[in-house]
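Working notes, beginning with the structure itself.
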Amino acid sequence: MPTLNLPDGASIDLPEGEPVGSALPAGTVVARVDGRLSDLSFVPHAGTVVEPVDAASDDGLQVLRHSAAHILAQAVCALYPGAQYAIGPAVQDGFYYDFSLPSAISSDDLAGIEGRMREIVAADQPFVREEVSRADALQRFADQPFKQEIIERIGEEEGEVSTGDTVTLYRNGDWVDLCLGPHVPSTARIAAFKLLNLAGAYWRGDESKPQLTRIYGTAWATEEDLAARLARLEELERRDHRKLGRELELFHLEPTAPGMPYWLPRGLKILNELLAFWRDEHERHGYQEISAPLVNEKNLWETSGHWDHFKDDMFVIPVDDQITYALKPMNCPNAMVVFNLKSRSYRDLPLRLADCDTLHRNERSGTLHGLLRVRRFIQDDAHIFVAPDQIEAEYERIFQLCDRFYDVFGLSYQLRLSTRPEDYLGELETWNEAEQALRRILDRKAGVGGYLVEEGGGAFYGPKIDIVMGDAFDRKWQTGTIQLDFQLPRRFDCAYTDAEGERRTPVVVHRVIYGSLERFIGILIEHTAGAFPLWLSPEQLRLVPVADRHLEHCAKLAARAQEAGLRVVVDDAKESVGKKIRTAQLMKAPYTLVVGDRDIEAGSYTVRDRRGTETSGIDFADLLAALVRESQTRALEQTSFGA
Ligand SMILES: [Zn+2]
Ligand SMILES: [Zn+2]
C-alpha cells in the first residue's frame with residue numbers, strides 16, 4: 001500500500017487504487033510522489049511515498065500560478081476568437097502567457113479578461129490530464145501554429161510537454177493546452193489572482209521571430225498574500241526611477257539614443273557629487289586617476305581579447321578599408337597601455353590606476369531599462385597591478401573601501417564569487433589557483449559559507465567577486481565587482497622587476513565599487529524614493545516668497561546660502577504659497593523656508609523639513625551652519641531643529 005507522509009510527522013496508508021488527493025489535508029494543491037510533483041488525481045502503486053504540497057509553499061505556488069496561466073489563455077481564447085497561444089509559465093511572484101492576437105489589445109482590456117477568468121474559476125472545472133500520440137496532438141492543435149511548432153520539436157530539445165512517445169495535454173472545460181503538469185485539481189483553487197500588465201515579447205525570445213503580446217498576472221494562496229503583493233507593487237511603482245527621474249527632472253531618454261541617458265542639470269548634480277566623493281576617497285586610498293580615449297583602433301581590442309569575446313556588445317566604427325575603430329566597452333586595455341609607458345619595479349606595486357571614463361556597450365534593445373540597463377555609462381573603474389603575494393592584502397584594502405562607500409549610503413551588501421565560465425582564457429591551473437585564493441579571501445571576510453557562489457559566472461579572463469547590494473525594499477542588485485586577472489597583463493606583455501632583478505608579470509585586479517554610476521543612481525532613486533540625503537540632493541534649500549515683494553529678500557538669503565556652498569532654489573512662480581509648498585514636497589526639497597513680512601521683520605524663519613516637521617524662530621546663519629554640517633558629514637538623517 002502507498003504511504004502518505006503528513007506534515008505533522010504522521011503517516012497513513014492509502015488504499016490501493018485511490019488517488020493521492022483523497023487522503024491529503026485541505027490546502028494541498030499537488031503531491032510530491034517519490035520526490036516528483038504530481039496531480040492529486042495520480043494513483044500511486046504500493047511502496048510509493050507521497051507528501052502533500054501546500055498551496056502556500058514554493059512548489060505549491062509555482063503550480064498554482066502555472067494553472068492560473070492556463071485559465072488566462074482559456075479566457076483570452078474565449079474572448080478573442082482566432083487568438084493563438086504560445087507559452088505560459090509561472091515566474092517569480094506570478095505568471096504570464098504569450099499570445100498572437102487577431103487585433104491589438106491594451107491594458108484597458110485586462111479587466112474584461114480577468115472577469116472571464118473569474119467565471120472559469122467559479123465554474124470549478126477539473127484539470128484533466130490526457131496522453132495522446134504526437135499525430136493526435138498535431139491534429140488537435142491544427143489552428144495553433146505555436147503549439148504545432150512545440151510538438152514538432154519534441155525530442156530535439158528538453159521537452160516540457162512530452163514524456164517520450166506521447167504528448168501530454170491538460171484539459172479543463174472545453175479548453176486544452178499542451179503541458180506536462182502538474183496542476184491544481186480544479187480551477188476553483190485559483191481564487192486570489194490579478195492580471196497586472198501587458199508587454200511585447202518575441203516568440204522563443206528571438207528578435208527575428210513574431211512579436212507576441214505577453215499578459216502578466218500574479219496569483220497567491222490567499223487574499224491576504226495577494227493584497228500584500230499588490231501593495232508592494234504599488235510602492236515599487238511609486239519608487240520607479242523612470243517615473244521619479246521624470247518628475248524630479250533628473251535624466252531623459254531620447255528615442256534617437258536608446259539606452260544613453262541625458263543627464264539634466266538636477267541629475268548631473270547627483271552624478272557629480274558621487275564622483276567627487278569617489279575621487280576624494282580614492283586619492284586618500286592611494287589611487288591615481290587617469291583618463292583615456294573613448295575610441296581605440298581594433299587591434300587594441302584584438303590584443304586584449306575583447307574582439308574575440310565581446311565584439312557583439314561593442315559599437316564598431318569602420319573608417320576605411322584599413323582602419324576600424326571601436327568605442328570602448330571597458331577601460332582595461334587602456335590601463336595596460338598606461339602601465340607599460342614606464343619600466344616598473346616591485347617598489348611601484350601595488351600600482352592603482354583609477355578612471356571614470358564613459359563606456360559604451362551595444363546591449364540588445366529589448367534588455368534596456370531606464371538607468372538600470374543602459375548602453376552608455378560611467379564606471380568607477382580601477383586597475384590595480386600587484387605582485388602575486390600582494391593579492392590578498394589588496395583585497396582587504398578594497399573591502400575596506402567598499403565598507404566605507406556602502407556605509408555612507410546606508411546600504412548593506414553581500415559578496416558573491418563567480419567562477420570559471422565556459423569560454424575562459426588561459427590555463428586551467430591558473431584559474432584553479434585564482435579561485436582558491438578568492439575563496440580564502442572570502443572565507444576570511446565573510447566566514448565559510450557566508451557568501452554566494454555563482455558557478456561559471458566569472459569573466460573570460462579571471463574569477464570575480466561581485467558585490468550584491470540590498471536596498472530598502474529588500475531587493476538585490478549587483479553593483480560592484482572585483483575581478484582577478486592573470487591574462488590581460490600577459491597579453492599586453494606587462495612586466496616589473498622583482499627584488500632579485502628578475503622580470504615578472506604583474507597580476508591585475510579590476511574593480512568597481514559603484515558599478516555603473518547610471519545604474520547606481522537608478523538604484524539610489526528607488527532606494528530613497530527620490531528623497532536623497534542632503535549631500536546628494538539636487539537642491540538643498542528652497543526659499544518660498546509669500547508675495548513678489550519678498551523676492552528681493554529671498555535673493556539676499558539665497559546669495560548667503562550659495563556663499564556657504566549650498567544648492568538653493570528660489571520659487572518665484574506666480575502661485576499661492578500652498579501650491580509652492582506642495583511643489584517643494586513633490587520635488588523632495590529637503591528644507592523649505594517660507595519668507596513673508598513677519599519673518600523678515602522678526603529676522604528669524606520657519607523651516608519645514610521633508611518629513612513635514614516645521615520649526616519656527618530659526619536664525620538664518622544657524623540654519624546654514626546646520627545644513628553645511630549635514631551635507632559635509634554626508635548624514636543619512638535630516639537635522640532636527642526642534643530641540
Ligand atoms: Zn500546464
Ligand atoms: Zn578592467
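In the C-alpha cells, chains take the letters A, B, ... in the order shown, each chain's residues start at 1, and ligands count up from 1 in the order shown.
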
Discussion item. When you look at Val53 in chain A with a cut-off of 7 Å (counting only C-alpha atoms), what residues show up, excluding the ones that are within fewer than 2 positions of it in the same chain? I need them as a list in words.
Written reply: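 Residues meeting the cut-off are Thr28, Val29, Val30, Ala31, Arg32, Glu51, Ala55, Ser57 and Gly60 of chain A.
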
Item checked: 8 Å shell around ligand 1 using only C-alpha atoms and all ligand atoms, listed as a PyMOL selection string -> chain A and resi 66-67+69-70+88-89+170+177-183

Q) In Å, with one decimal, what is the gap from CA of Thr613 in chain A to CA of Gly410 in chain A? A)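 One can read the CA of Thr613 in chain A to CA of Gly410 in chain A distance as 22.7 Å.
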
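You can rank A:Pro329, A:Pro7, A:Gly449, A:Pro421 by their closest distance to ligand 2 using only C-alpha atoms and all ligand atoms, and at the top of that list sits A:Pro329.
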
Ligand 2 neighbours within 10 Å using only C-alpha atoms and all ligand atoms, as a PyMOL selection string: chain A and resi 329-336+381-384+461+482-485+488+508-512

Emit the selected residues as a short mmCIF file (atom, residue, chain, number, x, y, z; two decimals), in the first residue's frame, including N, CA and C atoms.
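Saved to part_32.cif:
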```cif
data_model
loop_
_atom_site.label_atom_id
_atom_site.label_comp_id
_atom_site.auth_asym_id
_atom_site.auth_seq_id
_atom_site.Cartn_x
_atom_site.Cartn_y
_atom_site.Cartn_z
N PRO A 329 34.19 49.38 -24.48
CA PRO A 329 33.17 48.81 -23.61
C PRO A 329 33.73 48.64 -22.19
N MET A 330 35.04 48.72 -22.07
CA MET A 330 35.71 48.54 -20.79
C MET A 330 36.99 49.38 -20.83
N ASN A 331 37.50 49.70 -19.66
CA ASN A 331 38.70 50.54 -19.57
C ASN A 331 40.01 49.75 -19.53
N CYS A 332 39.90 48.44 -19.35
CA CYS A 332 41.08 47.62 -19.03
C CYS A 332 42.28 47.81 -19.97
N PRO A 333 42.08 47.68 -21.32
CA PRO A 333 43.26 47.73 -22.18
C PRO A 333 44.03 49.04 -22.05
N ASN A 334 43.29 50.14 -21.87
CA ASN A 334 43.96 51.43 -21.75
C ASN A 334 44.80 51.52 -20.48
N ALA A 335 44.35 50.86 -19.42
CA ALA A 335 45.15 50.85 -18.18
C ALA A 335 46.45 50.08 -18.42
N MET A 336 46.38 49.00 -19.24
CA MET A 336 47.59 48.23 -19.56
C MET A 336 48.57 49.13 -20.33
N ASP A 381 36.01 52.89 -12.30
CA ASP A 381 36.90 51.77 -12.53
C ASP A 381 38.25 51.94 -11.84
N ALA A 382 38.92 50.84 -11.60
CA ALA A 382 40.33 50.90 -11.22
C ALA A 382 40.99 49.60 -11.63
N HIS A 383 42.24 49.70 -12.03
CA HIS A 383 43.06 48.54 -12.37
C HIS A 383 44.27 48.58 -11.46
N ILE A 384 44.40 47.56 -10.65
CA ILE A 384 45.47 47.55 -9.65
C ILE A 384 46.47 46.48 -10.05
N TYR A 461 38.51 36.37 -18.46
CA TYR A 461 39.94 36.47 -18.10
C TYR A 461 40.24 36.11 -16.65
N ILE A 482 34.92 42.82 -8.22
CA ILE A 482 36.37 42.80 -8.02
C ILE A 482 36.88 41.56 -8.74
N GLN A 483 37.64 41.77 -9.82
CA GLN A 483 38.00 40.64 -10.68
C GLN A 483 39.51 40.45 -10.71
N LEU A 484 39.88 39.21 -10.64
CA LEU A 484 41.29 38.86 -10.64
C LEU A 484 41.67 38.45 -12.06
N ASP A 485 42.80 38.94 -12.55
CA ASP A 485 43.13 38.72 -13.95
C ASP A 485 44.62 38.40 -14.13
N LEU A 488 45.25 39.41 -18.98
CA LEU A 488 45.45 40.67 -19.69
C LEU A 488 46.88 41.19 -19.57
N VAL A 508 46.60 41.62 -12.36
CA VAL A 508 45.75 42.82 -12.34
C VAL A 508 44.45 42.53 -11.60
N VAL A 509 44.08 43.45 -10.72
CA VAL A 509 42.75 43.39 -10.11
C VAL A 509 41.92 44.49 -10.76
N HIS A 510 40.83 44.09 -11.44
CA HIS A 510 39.89 45.07 -11.98
C HIS A 510 38.82 45.25 -10.91
N ARG A 511 38.47 46.46 -10.59
CA ARG A 511 37.41 46.60 -9.60
C ARG A 511 36.61 47.87 -9.78
N VAL A 512 35.31 47.75 -9.54
CA VAL A 512 34.44 48.91 -9.49
C VAL A 512 33.65 48.80 -8.19
#
```

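Using only C-alpha atoms for every distance, the candidate list A:Phe141, A:Tyr591, A:Phe409, A:Trp175 yields A:Phe409 as the residue closest to Ala635 in chain A.
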
Item to check | Using only C-alpha atoms: which of A:His306, A:Arg375, A:His369, A:Arg608 has the shortest distance to Gln585 in chain A | outcome: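 Looking at the shortest contact to Gln585 in chain A, the residue is A:Arg608.
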
request  = Using DSSP on the backbone coordinates, identify all residues within range 70-150 of chain A classified as helix (DSSP H, G or I); present the result as a PyMOL selection string.
outcome  = chain A and resi 70-79+107-122+134-140+145-150

Could you save the residues just selected, with N, CA and C atoms, as a compact mmCIF listing (two decimals), in the first residue's frame?
```txt
# COMPACT_ATOMS: atom_id res chain seq x y z
N HIS A 70 -2.99 28.87 -17.46
CA HIS A 70 -3.92 28.14 -18.34
C HIS A 70 -5.26 28.87 -18.41
N ILE A 71 -5.76 29.28 -17.25
CA ILE A 71 -7.07 29.94 -17.20
C ILE A 71 -7.02 31.26 -17.95
N LEU A 72 -5.90 31.95 -17.87
CA LEU A 72 -5.72 33.20 -18.62
C LEU A 72 -5.84 32.92 -20.12
N ALA A 73 -5.14 31.90 -20.59
CA ALA A 73 -5.16 31.60 -22.03
C ALA A 73 -6.56 31.15 -22.45
N GLN A 74 -7.21 30.40 -21.58
CA GLN A 74 -8.57 29.94 -21.86
C GLN A 74 -9.51 31.14 -22.01
N ALA A 75 -9.37 32.13 -21.11
CA ALA A 75 -10.22 33.32 -21.15
C ALA A 75 -9.93 34.13 -22.42
N VAL A 76 -8.64 34.28 -22.76
CA VAL A 76 -8.28 35.05 -23.96
C VAL A 76 -8.83 34.37 -25.21
N CYS A 77 -8.71 33.05 -25.28
CA CYS A 77 -9.22 32.33 -26.46
C CYS A 77 -10.74 32.48 -26.58
N ALA A 78 -11.42 32.52 -25.43
CA ALA A 78 -12.88 32.66 -25.47
C ALA A 78 -13.27 34.07 -25.91
N LEU A 79 -12.53 35.07 -25.45
CA LEU A 79 -12.90 36.47 -25.75
C LEU A 79 -12.43 36.92 -27.12
N SER A 107 -4.12 47.75 -21.93
CA SER A 107 -4.29 47.37 -20.53
C SER A 107 -5.75 47.56 -20.09
N ASP A 108 -6.50 48.39 -20.85
CA ASP A 108 -7.93 48.54 -20.53
C ASP A 108 -8.70 47.23 -20.70
N ASP A 109 -8.17 46.34 -21.52
CA ASP A 109 -8.87 45.08 -21.77
C ASP A 109 -8.63 44.04 -20.68
N LEU A 110 -7.68 44.33 -19.78
CA LEU A 110 -7.33 43.30 -18.79
C LEU A 110 -8.49 42.99 -17.85
N ALA A 111 -9.28 44.04 -17.50
CA ALA A 111 -10.39 43.82 -16.56
C ALA A 111 -11.38 42.82 -17.15
N GLY A 112 -11.66 42.95 -18.46
CA GLY A 112 -12.58 42.03 -19.12
C GLY A 112 -12.05 40.60 -19.11
N ILE A 113 -10.74 40.46 -19.37
CA ILE A 113 -10.12 39.12 -19.39
C ILE A 113 -10.17 38.52 -17.98
N GLU A 114 -9.88 39.39 -17.00
CA GLU A 114 -9.90 38.92 -15.62
C GLU A 114 -11.31 38.48 -15.22
N GLY A 115 -12.32 39.22 -15.69
CA GLY A 115 -13.72 38.86 -15.41
C GLY A 115 -14.03 37.47 -15.95
N ARG A 116 -13.57 37.24 -17.18
CA ARG A 116 -13.82 35.93 -17.78
C ARG A 116 -13.09 34.83 -16.99
N MET A 117 -11.87 35.15 -16.54
CA MET A 117 -11.11 34.17 -15.74
C MET A 117 -11.89 33.82 -14.46
N ARG A 118 -12.52 34.84 -13.85
CA ARG A 118 -13.27 34.58 -12.61
C ARG A 118 -14.46 33.66 -12.87
N GLU A 119 -15.07 33.80 -14.07
CA GLU A 119 -16.17 32.88 -14.41
C GLU A 119 -15.65 31.45 -14.50
N ILE A 120 -14.45 31.29 -15.09
CA ILE A 120 -13.88 29.95 -15.23
C ILE A 120 -13.55 29.39 -13.85
N VAL A 121 -13.04 30.25 -12.97
CA VAL A 121 -12.73 29.82 -11.60
C VAL A 121 -14.02 29.38 -10.90
N ALA A 122 -15.08 30.22 -11.06
CA ALA A 122 -16.35 29.91 -10.38
C ALA A 122 -16.94 28.59 -10.91
N ARG A 134 1.64 11.88 -30.88
CA ARG A 134 2.07 13.13 -31.48
C ARG A 134 1.14 13.52 -32.65
N ALA A 135 0.72 12.53 -33.44
CA ALA A 135 -0.15 12.81 -34.58
C ALA A 135 -1.49 13.37 -34.09
N ASP A 136 -2.04 12.78 -33.03
CA ASP A 136 -3.30 13.28 -32.48
C ASP A 136 -3.14 14.71 -31.98
N ALA A 137 -1.99 14.95 -31.33
CA ALA A 137 -1.75 16.28 -30.77
C ALA A 137 -1.67 17.31 -31.89
N LEU A 138 -0.98 16.97 -32.98
CA LEU A 138 -0.86 17.90 -34.11
C LEU A 138 -2.24 18.24 -34.67
N GLN A 139 -3.09 17.22 -34.72
CA GLN A 139 -4.42 17.43 -35.25
C GLN A 139 -5.24 18.31 -34.30
N ARG A 140 -5.11 18.02 -33.00
CA ARG A 140 -5.88 18.77 -32.01
C ARG A 140 -5.52 20.25 -32.04
N PRO A 145 -0.38 27.44 -34.49
CA PRO A 145 0.97 27.22 -35.04
C PRO A 145 2.07 27.12 -33.97
N PHE A 146 1.94 27.86 -32.88
CA PHE A 146 3.00 27.80 -31.86
C PHE A 146 3.01 26.42 -31.20
N LYS A 147 1.80 25.90 -30.96
CA LYS A 147 1.71 24.57 -30.34
C LYS A 147 2.25 23.51 -31.31
N GLN A 148 1.92 23.70 -32.60
CA GLN A 148 2.42 22.76 -33.62
C GLN A 148 3.94 22.74 -33.61
N GLU A 149 4.52 23.94 -33.54
CA GLU A 149 5.98 24.02 -33.54
C GLU A 149 6.56 23.31 -32.32
N ILE A 150 5.91 23.50 -31.18
CA ILE A 150 6.40 22.84 -29.96
C ILE A 150 6.31 21.32 -30.12
```

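Taking only C-alpha atoms into account, Arg239 in chain A lies nearest to A:His527 out of the set A:Arg629, A:His527, A:Arg560, A:Lys464.
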
Item to check | Shell around Pro185 in chain A at 10 Å using only C-alpha atoms, local window under 4 positions removed, as JSON, numbers by chain | outcome: {"A": [21, 28, 29, 30, 39, 40, 41, 64, 67, 124, 125, 126, 127, 128, 172, 189]}

Please save C-alpha atoms of the selected residues as an mmCIF file, in the first residue's frame.
```cif
data_model
loop_
_atom_site.group_PDB
_atom_site.id
_atom_site.type_symbol
_atom_site.label_atom_id
_atom_site.label_comp_id
_atom_site.auth_asym_id
_atom_site.auth_seq_id
_atom_site.Cartn_x
_atom_site.Cartn_y
_atom_site.Cartn_z
ATOM 1 C CA GLY A 21 -5.617 13.592 -3.209
ATOM 2 C CA THR A 28 -2.949 20.645 -0.638
ATOM 3 C CA VAL A 29 -2.692 21.544 -4.337
ATOM 4 C CA VAL A 30 -0.354 18.826 -5.597
ATOM 5 C CA ASP A 39 -1.537 15.861 -9.718
ATOM 6 C CA LEU A 40 -3.783 14.924 -6.801
ATOM 7 C CA SER A 41 -5.610 12.601 -9.213
ATOM 8 C CA LEU A 64 -0.989 27.474 -8.678
ATOM 9 C CA SER A 67 -2.573 26.755 -13.522
ATOM 10 C CA ASP A 124 -14.840 24.807 -10.760
ATOM 11 C CA GLN A 125 -13.583 22.932 -13.839
ATOM 12 C CA PRO A 126 -11.321 19.973 -13.003
ATOM 13 C CA PHE A 127 -7.892 19.911 -14.735
ATOM 14 C CA VAL A 128 -7.742 16.551 -16.502
ATOM 15 C CA ASN A 172 -10.367 21.909 -18.256
ATOM 16 C CA ARG A 189 -8.399 26.606 -6.394
#
```

field: Distance query Phe277 in chain A at most 12 Å, only C-alpha atoms, self and fewer than 4 positions along chain excluded, as a PyMOL selection string
entry: chain A and resi 270-273+281-284+380+401+404-405+408-409+514+535-536+631-634

Keeping only N, CA and C atoms, write the selected residues as a PDB file, in the first residue's frame.
```pdb
ATOM      1  N   ILE A 270      23.782  65.128  -8.850  1.00  0.00           N
ATOM      2  CA  ILE A 270      23.939  63.877  -8.082  1.00  0.00           C
ATOM      3  C   ILE A 270      25.172  63.118  -8.594  1.00  0.00           C
ATOM      4  N   LEU A 271      25.237  62.994  -9.923  1.00  0.00           N
ATOM      5  CA  LEU A 271      26.359  62.271 -10.527  1.00  0.00           C
ATOM      6  C   LEU A 271      27.686  62.914 -10.117  1.00  0.00           C
ATOM      7  N   ASN A 272      27.743  64.247 -10.189  1.00  0.00           N
ATOM      8  CA  ASN A 272      28.996  64.931  -9.862  1.00  0.00           C
ATOM      9  C   ASN A 272      29.353  64.787  -8.384  1.00  0.00           C
ATOM     10  N   GLU A 273      28.358  64.805  -7.507  1.00  0.00           N
ATOM     11  CA  GLU A 273      28.636  64.614  -6.076  1.00  0.00           C
ATOM     12  C   GLU A 273      29.187  63.214  -5.822  1.00  0.00           C
ATOM     13  N   GLU A 281      37.904  59.855  -1.826  1.00  0.00           N
ATOM     14  CA  GLU A 281      38.229  58.607  -1.121  1.00  0.00           C
ATOM     15  C   GLU A 281      39.372  57.867  -1.805  1.00  0.00           C
ATOM     16  N   HIS A 282      39.395  57.885  -3.134  1.00  0.00           N
ATOM     17  CA  HIS A 282      40.424  57.144  -3.864  1.00  0.00           C
ATOM     18  C   HIS A 282      41.792  57.801  -3.742  1.00  0.00           C
ATOM     19  N   GLU A 283      41.775  59.127  -3.738  1.00  0.00           N
ATOM     20  CA  GLU A 283      43.013  59.878  -3.519  1.00  0.00           C
ATOM     21  C   GLU A 283      43.606  59.447  -2.174  1.00  0.00           C
ATOM     22  N   ARG A 284      42.733  59.412  -1.178  1.00  0.00           N
ATOM     23  CA  ARG A 284      43.126  59.031   0.177  1.00  0.00           C
ATOM     24  C   ARG A 284      43.635  57.596   0.266  1.00  0.00           C
ATOM     25  N   ASP A 380      33.061  53.491 -12.263  1.00  0.00           N
ATOM     26  CA  ASP A 380      34.115  53.981 -11.349  1.00  0.00           C
ATOM     27  C   ASP A 380      35.183  52.900 -11.277  1.00  0.00           C
ATOM     28  N   LEU A 401      37.410  49.840   1.511  1.00  0.00           N
ATOM     29  CA  LEU A 401      36.857  50.930   0.710  1.00  0.00           C
ATOM     30  C   LEU A 401      35.367  50.679   0.430  1.00  0.00           C
ATOM     31  N   ARG A 404      33.308  51.536   3.437  1.00  0.00           N
ATOM     32  CA  ARG A 404      33.193  52.986   3.563  1.00  0.00           C
ATOM     33  C   ARG A 404      32.090  53.505   2.645  1.00  0.00           C
ATOM     34  N   PHE A 405      32.097  53.057   1.388  1.00  0.00           N
ATOM     35  CA  PHE A 405      31.107  53.532   0.426  1.00  0.00           C
ATOM     36  C   PHE A 405      29.696  53.119   0.822  1.00  0.00           C
ATOM     37  N   VAL A 408      28.095  54.921   3.790  1.00  0.00           N
ATOM     38  CA  VAL A 408      27.648  56.287   3.514  1.00  0.00           C
ATOM     39  C   VAL A 408      26.223  56.310   2.974  1.00  0.00           C
ATOM     40  N   PHE A 409      25.864  55.282   2.212  1.00  0.00           N
ATOM     41  CA  PHE A 409      24.519  55.255   1.628  1.00  0.00           C
ATOM     42  C   PHE A 409      23.529  54.456   2.480  1.00  0.00           C
ATOM     43  N   TYR A 514      30.880  51.480  -7.207  1.00  0.00           N
ATOM     44  CA  TYR A 514      29.509  51.847  -7.568  1.00  0.00           C
ATOM     45  C   TYR A 514      28.993  50.890  -8.658  1.00  0.00           C
ATOM     46  N   TRP A 535      23.569  65.718   1.055  1.00  0.00           N
ATOM     47  CA  TRP A 535      24.770  65.947   0.230  1.00  0.00           C
ATOM     48  C   TRP A 535      24.550  65.598  -1.229  1.00  0.00           C
ATOM     49  N   LEU A 536      23.554  64.734  -1.522  1.00  0.00           N
ATOM     50  CA  LEU A 536      23.277  64.357  -2.912  1.00  0.00           C
ATOM     51  C   LEU A 536      22.077  65.090  -3.498  1.00  0.00           C
ATOM     52  N   SER A 631      25.437  68.251   5.256  1.00  0.00           N
ATOM     53  CA  SER A 631      25.902  67.899   3.922  1.00  0.00           C
ATOM     54  C   SER A 631      27.342  67.377   3.955  1.00  0.00           C
ATOM     55  N   GLN A 632      28.198  68.088   4.705  1.00  0.00           N
ATOM     56  CA  GLN A 632      29.617  67.690   4.710  1.00  0.00           C
ATOM     57  C   GLN A 632      29.852  66.349   5.385  1.00  0.00           C
ATOM     58  N   THR A 633      29.039  66.028   6.395  1.00  0.00           N
ATOM     59  CA  THR A 633      29.214  64.731   7.060  1.00  0.00           C
ATOM     60  C   THR A 633      28.475  63.630   6.301  1.00  0.00           C
ATOM     61  N   ARG A 634      27.825  63.998   5.204  1.00  0.00           N
ATOM     62  CA  ARG A 634      27.052  63.057   4.391  1.00  0.00           C
ATOM     63  C   ARG A 634      26.063  62.278   5.264  1.00  0.00           C
TER      64      ARG A 634
END
```

**Request:** For Leu233 in chain A, work out the shell of residues within 12 Å, counting only C-alpha atoms and skipping chain neighbours fewer than 3 positions away, then give it as a VMD selection string.
**Result:** chain A and resid 93 194 196 to 197 217 to 218 226 to 230 236 to 240 473

Write out as a ChimeraX atom specification the set of residues from range 382-539 of chain A that DSSP, computed on the backbone, places in strand (DSSP E or B). /A:382-386,412-418,452-454,459,462,464-470,476-485,496-497,503-504,507-516

Write out as a ChimeraX atom specification the residues lying within 8 Å of Asn296 in chain A, counting only C-alpha atoms and excluding same-chain residues fewer than 2 positions away. /A:293-294,298,300-301,325-328

Keeping only C-alpha atoms, write the selected residues to a file as a PDB file, in the first residue's frame.
```pdb
ATOM      1  CA  PRO A 293      40.412  57.725 -25.312  1.00  0.00           C
ATOM      2  CA  LEU A 294      36.808  56.577 -25.702  1.00  0.00           C
ATOM      3  CA  LYS A 298      40.518  47.472 -33.447  1.00  0.00           C
ATOM      4  CA  LEU A 300      43.971  47.144 -29.261  1.00  0.00           C
ATOM      5  CA  TRP A 301      40.783  45.112 -28.756  1.00  0.00           C
ATOM      6  CA  TYR A 325      37.650  51.766 -34.530  1.00  0.00           C
ATOM      7  CA  ALA A 326      35.542  50.597 -31.631  1.00  0.00           C
ATOM      8  CA  LEU A 327      34.052  52.525 -28.736  1.00  0.00           C
ATOM      9  CA  LYS A 328      35.455  51.195 -25.521  1.00  0.00           C
TER      10      LYS A 328
END
```

For Leu543 in chain A, list every protein, DNA or RNA residue within 9 Å, evaluated using only C-alpha atoms, and leave out those in the same chain fewer than 3 positions away; present the list as a compact mmCIF listing (two decimals) with C-alpha atoms, in the first residue's frame.
```
# COMPACT_ATOMS: atom_id res chain seq x y z
CA CYS A 554 14.85 85.82 -0.76
CA ALA A 555 17.53 86.68 -3.30
CA LEU A 557 19.20 84.85 1.60
CA ALA A 558 19.90 82.70 -1.47
CA VAL A 568 19.48 76.75 -3.26
CA VAL A 569 16.28 77.32 -5.26
CA VAL A 570 14.00 80.38 -5.03
CA ASP A 571 10.47 79.53 -6.14
CA ASP A 572 9.39 82.75 -7.88
CA TYR A 591 14.36 72.06 3.60
CA THR A 592 11.86 74.76 2.69
CA LEU A 593 11.67 78.26 4.11
CA VAL A 594 8.53 80.36 3.59
CA VAL A 595 9.54 84.03 3.66
```

| task | Return the single residue from A:Tyr413, A:Phe339, A:Trp307, A:Tyr346 that is closest to Arg503 in chain A, with distances computed using only C-alpha atoms. | result |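 Residue with the minimum atom-to-atom distance to Arg503 in chain A: A:Tyr346.
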
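Distance check against Glu297 in chain A using only C-alpha atoms: of A:His241, A:Ile323, A:Thr222, A:Ala276, the minimum falls on A:Ile323.
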